[in-house]
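Below is one structure, written out as structure tokens; the observations come after it.
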Amino acid sequence: MLHAPAAIDIDIAPMRTEFAALDASAGPDQRTFFCGDGSWSGLALIERRSIGDSALSDGVVRPGLATMPSVAALIDRMGWRPVSVYLLRQQLMGTLKWHFDDQALHLRECRLLLPLFASRGAVTWIGTEPVAYPTGTLWTGDFSMPHQVDNVSDSERVVLAFDLRSTPDVARLFPDALSANGPRRLDAALQGRNQLLQWRAEQQSRPA
């Protein structure tokens with residue numbers, strides 16, 4: 001199993017309204033842009049502390065969280081102490097190319113995603129599996145595996161990304177199979193990463 005939805009219900013209607021207010025007021029200095037072409041951007045609600053920290057630390061609350069009290073209420077209700085929380089936006093026809101992260105339920109950190117705006121054409125590929133959970137469905141995946149995010153729809157994709165410590169309480173939100181077989185997962189992720197790195201090297205070595 002590479003991904004699954006959480007067994008909880010979340011009302012995203014107030015989050016959508018609050019996001020619209022935050023998005024209208026936030027300037028470029030509050031946004032982080034990825035991919036080089038601006039097709040992927042983020043607004044920090046809780047920002048990660050220095051990556052030099054040896055242990056996962058609680059993140060730094062940013063002003064944007066005050067604009068989204070429904071997100072703060074969810075964090076409090078779940079008892080989470082996030083490493084970071086971002087609003088991630090992908091423009092229509094955007095692609096976040098194949099990459100991998102040290103985030104999964106069987107690792108020390110995981111990422112939970114809550115789509116606020118997304119169509120069926122906004123797909124995350126984890127390995128060879130396409131993932132397109134509907135808006136309002138909290139889900140996670142084994143992001144230690146190579147994955148790519150495509151938005152081939154006619155609308156932008158906006159998700160809340162919660163980076164959390166991988167604790168038993170978080171794991172219990174999801175099927176046991178998603179965090180089982182840790183050694184096998186580590187081996188499969190290593191093979192997938194090596195294949196991706198080899199493919200990248202081959203692409204770079206091709207003559208223009």
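Residues in the structure tokens are numbered from 1 in each chain, the chains being A, B, ... in the order shown, and ligands are numbered from 1 in the order shown.
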Q.
If you run DSSP on the backbone here, which positions in segment 85-149 of chain A get strand (DSSP E or B)? Please write them as a PyMOL selection string.
A. chain A and resi 85-90+95-99+109-117+122-126+129-131+139-141+147-149
Q | Members of segment 12-181 of chain A assigned helix (DSSP H, G or I) by DSSP, as a ChimeraX atom specification | A | /A:13-25,28-30,64-67,69-78,168-171,176-178
Q: For atom CA of Gln198 of chain A and atom CA of Gly141 of chain A, quote the distance in Å rounded to one decimal.
A: 23.6 Å
Please identify every residue of segment 94-137 of chain A that has at least one atom no farther than 12 Å from an atom of segment 146-156 of chain A, counting only C-alpha atoms, and for each give the shortest atom pair and the distance in Å to one decimal, arranged by chain then increasing number, as a tab-separated table.
```
residue	atom	partner	partner_atom	distance
A:Gly94	CA	A:Asn151	CA	5.3
A:Thr95	CA	A:Asp150	CA	4.6
A:Leu96	CA	A:Val149	CA	5.0
A:Lys97	CA	A:Gln148	CA	5.0
A:Trp98	CA	A:Gln148	CA	4.4
A:His99	CA	A:Pro146	CA	5.3
A:Phe100	CA	A:Pro146	CA	4.7
A:Asp101	CA	A:Pro146	CA	8.0
A:Asp102	CA	A:Pro146	CA	10.4
A:Gln103	CA	A:Pro146	CA	11.2
A:Pro115	CA	A:Glu156	CA	11.1
A:Leu116	CA	A:Glu156	CA	10.4
A:Phe117	CA	A:Glu156	CA	7.2
A:Ala118	CA	A:Glu156	CA	6.8
A:Ser119	CA	A:Ser153	CA	6.5
A:Arg120	CA	A:Ser153	CA	7.4
A:Gly121	CA	A:Ser153	CA	4.5
A:Ala122	CA	A:Asn151	CA	4.1
A:Val123	CA	A:Asp150	CA	5.3
A:Thr124	CA	A:Val149	CA	4.3
A:Trp125	CA	A:Gln148	CA	5.1
A:Ile126	CA	A:His147	CA	4.4
A:Gly127	CA	A:Pro146	CA	5.8
A:Thr128	CA	A:His147	CA	8.6
A:Glu129	CA	A:His147	CA	9.2
A:Pro130	CA	A:Val149	CA	9.3
A:Val131	CA	A:Val149	CA	9.2
A:Ala132	CA	A:Val149	CA	10.0
```
Q: Within 12 Å of Leu74 of chain A, counting only C-alpha atoms, which residues show up once you throw out same-chain ones fewer than 3 positions away? Write them as a PyMOL selection string, please.
A: chain A and resi 8-12+14-15+65+68-71+77-82+85+114+138+160+162
Take the residues from that selection and put them in a file with N, CA, C and O atoms, as a short mmCIF file (atom, residue, chain, number, x, y, z; two decimals), in the first residue's frame.
```
data_model
loop_
_atom_site.label_atom_id
_atom_site.label_comp_id
_atom_site.auth_asym_id
_atom_site.auth_seq_id
_atom_site.Cartn_x
_atom_site.Cartn_y
_atom_site.Cartn_z
N ILE A 8 -11.29 10.21 9.14
CA ILE A 8 -11.90 11.33 9.85
C ILE A 8 -12.63 12.21 8.84
O ILE A 8 -12.33 12.20 7.64
N ASP A 9 -13.61 12.96 9.34
CA ASP A 9 -14.37 13.89 8.51
C ASP A 9 -13.91 15.32 8.81
O ASP A 9 -13.75 15.69 9.98
N ILE A 10 -13.71 16.10 7.77
CA ILE A 10 -13.25 17.48 7.93
C ILE A 10 -14.12 18.39 7.07
O ILE A 10 -14.33 18.12 5.87
N ASP A 11 -14.64 19.45 7.67
CA ASP A 11 -15.41 20.45 6.94
C ASP A 11 -14.45 21.49 6.38
O ASP A 11 -13.86 22.27 7.14
N ILE A 12 -14.27 21.49 5.06
CA ILE A 12 -13.31 22.42 4.47
C ILE A 12 -13.95 23.72 4.01
O ILE A 12 -13.24 24.61 3.54
N PRO A 14 -15.16 26.38 5.65
CA PRO A 14 -14.55 27.59 6.23
C PRO A 14 -13.09 27.75 5.82
O PRO A 14 -12.61 28.88 5.69
N MET A 15 -12.39 26.66 5.60
CA MET A 15 -11.00 26.75 5.17
C MET A 15 -10.90 27.40 3.79
O MET A 15 -9.99 28.19 3.53
N LEU A 65 -1.53 31.83 9.84
CA LEU A 65 -2.36 30.89 10.60
C LEU A 65 -3.50 31.61 11.29
O LEU A 65 -4.59 31.06 11.44
N MET A 68 -6.48 31.78 9.22
CA MET A 68 -7.15 30.51 8.97
C MET A 68 -7.41 29.79 10.30
O MET A 68 -6.81 28.75 10.59
N PRO A 69 -8.31 30.34 11.13
CA PRO A 69 -8.58 29.72 12.43
C PRO A 69 -9.13 28.31 12.34
O PRO A 69 -8.97 27.51 13.28
N SER A 70 -9.78 27.97 11.24
CA SER A 70 -10.31 26.60 11.11
C SER A 70 -9.17 25.59 11.00
O SER A 70 -9.30 24.45 11.44
N VAL A 71 -8.04 26.00 10.42
CA VAL A 71 -6.88 25.11 10.35
C VAL A 71 -6.26 24.96 11.74
O VAL A 71 -5.92 23.85 12.17
N ARG A 77 -7.61 20.12 17.63
CA ARG A 77 -8.52 18.97 17.83
C ARG A 77 -7.78 17.65 17.70
O ARG A 77 -8.03 16.71 18.45
N MET A 78 -6.82 17.59 16.77
CA MET A 78 -6.10 16.36 16.52
C MET A 78 -4.91 16.18 17.48
O MET A 78 -4.31 15.11 17.54
N GLY A 79 -4.55 17.25 18.19
CA GLY A 79 -3.42 17.16 19.10
C GLY A 79 -2.08 17.12 18.39
O GLY A 79 -1.09 16.62 18.94
N TRP A 80 -2.03 17.68 17.17
CA TRP A 80 -0.79 17.67 16.40
C TRP A 80 0.15 18.78 16.87
O TRP A 80 -0.29 19.83 17.33
N ARG A 81 1.44 18.52 16.72
CA ARG A 81 2.49 19.54 16.92
C ARG A 81 3.29 19.60 15.63
O ARG A 81 4.33 18.95 15.50
N PRO A 82 2.81 20.33 14.64
CA PRO A 82 3.38 20.25 13.29
C PRO A 82 4.82 20.74 13.20
O PRO A 82 5.21 21.71 13.86
N VAL A 85 3.33 23.60 8.30
CA VAL A 85 2.04 23.54 7.60
C VAL A 85 2.09 24.57 6.48
O VAL A 85 2.37 25.75 6.73
N LEU A 114 -4.47 17.68 2.56
CA LEU A 114 -5.90 17.94 2.57
C LEU A 114 -6.24 18.84 1.38
O LEU A 114 -5.98 20.04 1.41
N LEU A 138 -8.61 13.96 3.83
CA LEU A 138 -7.24 13.96 4.33
C LEU A 138 -6.58 12.63 3.97
O LEU A 138 -7.15 11.57 4.19
N LEU A 160 -3.64 21.71 1.64
CA LEU A 160 -2.97 21.95 2.91
C LEU A 160 -2.03 20.78 3.15
O LEU A 160 -2.43 19.61 3.07
N PHE A 162 0.39 19.12 5.89
CA PHE A 162 0.78 19.06 7.30
C PHE A 162 1.98 18.13 7.43
O PHE A 162 1.86 16.92 7.19
#
```
Q.
Please report the interatomic distance between atom CA of Val159 of chain A and atom CA of Arg89 of chain A in Å with one decimal.
A.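 Interatomic distance here is 6.6 Å.
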(Q) So that I can check the surroundings of Leu45 of chain A, please list as a list in words every protein, DNA and RNA residue that reaches within 9 Å of it, counting only C-alpha atoms and ignoring chain neighbours fewer than 3 positions away. (A)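 Within the cut-off, the hits are Val60, Val61, Arg62, Pro63, Gly64, Leu65, Ala66, Met68, Ser84, Val85, Tyr86 and Leu87 of chain A.
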Q. So which one's closest to Asp23 of chain A, A:Arg49, A:Val158, A:Leu105, A:Ser144? Using only C-alpha atoms, please.
A.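 Once distances to Asp23 of chain A are computed over only C-alpha atoms, the minimum belongs to A:Val158.
Each of A:Leu88, A:Leu107, A:Ala177, A:Leu164 was checked against Ser41 of chain A using only C-alpha atoms; the smallest atom-to-atom distance is that of A:Leu88.
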Q) Separation of atom CA of Arg157 of chain A and atom CA of Leu92 of chain A, in Å? A) 7.3 Å
(Q) When you count only C-alpha atoms, which of these residues is closest to Met93 of chain A: A:Tyr133, A:Trp40, A:Phe174, A:Trp139? (A)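 Among the listed residues, the smallest separation from Met93 of chain A belongs to A:Trp40.
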Q. Looking at only C-alpha atoms, which of A:Thr140, A:Pro134, A:Glu47, A:Ala26 is the one that sits closest to Pro175 of chain A?
A.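 Of A:Thr140, A:Pro134, A:Glu47, A:Ala26, the one nearest Pro175 of chain A is A:Thr140, counting only C-alpha atoms.
Excluding Val83 of chain A itself and any same-chain residue fewer than 5 positions from it, the protein and nucleic acid residues within 6 Å of it, counting only C-alpha atoms, are A:Arg48, A:Asp58, A:Gly59, A:Asp163, A:Leu164.
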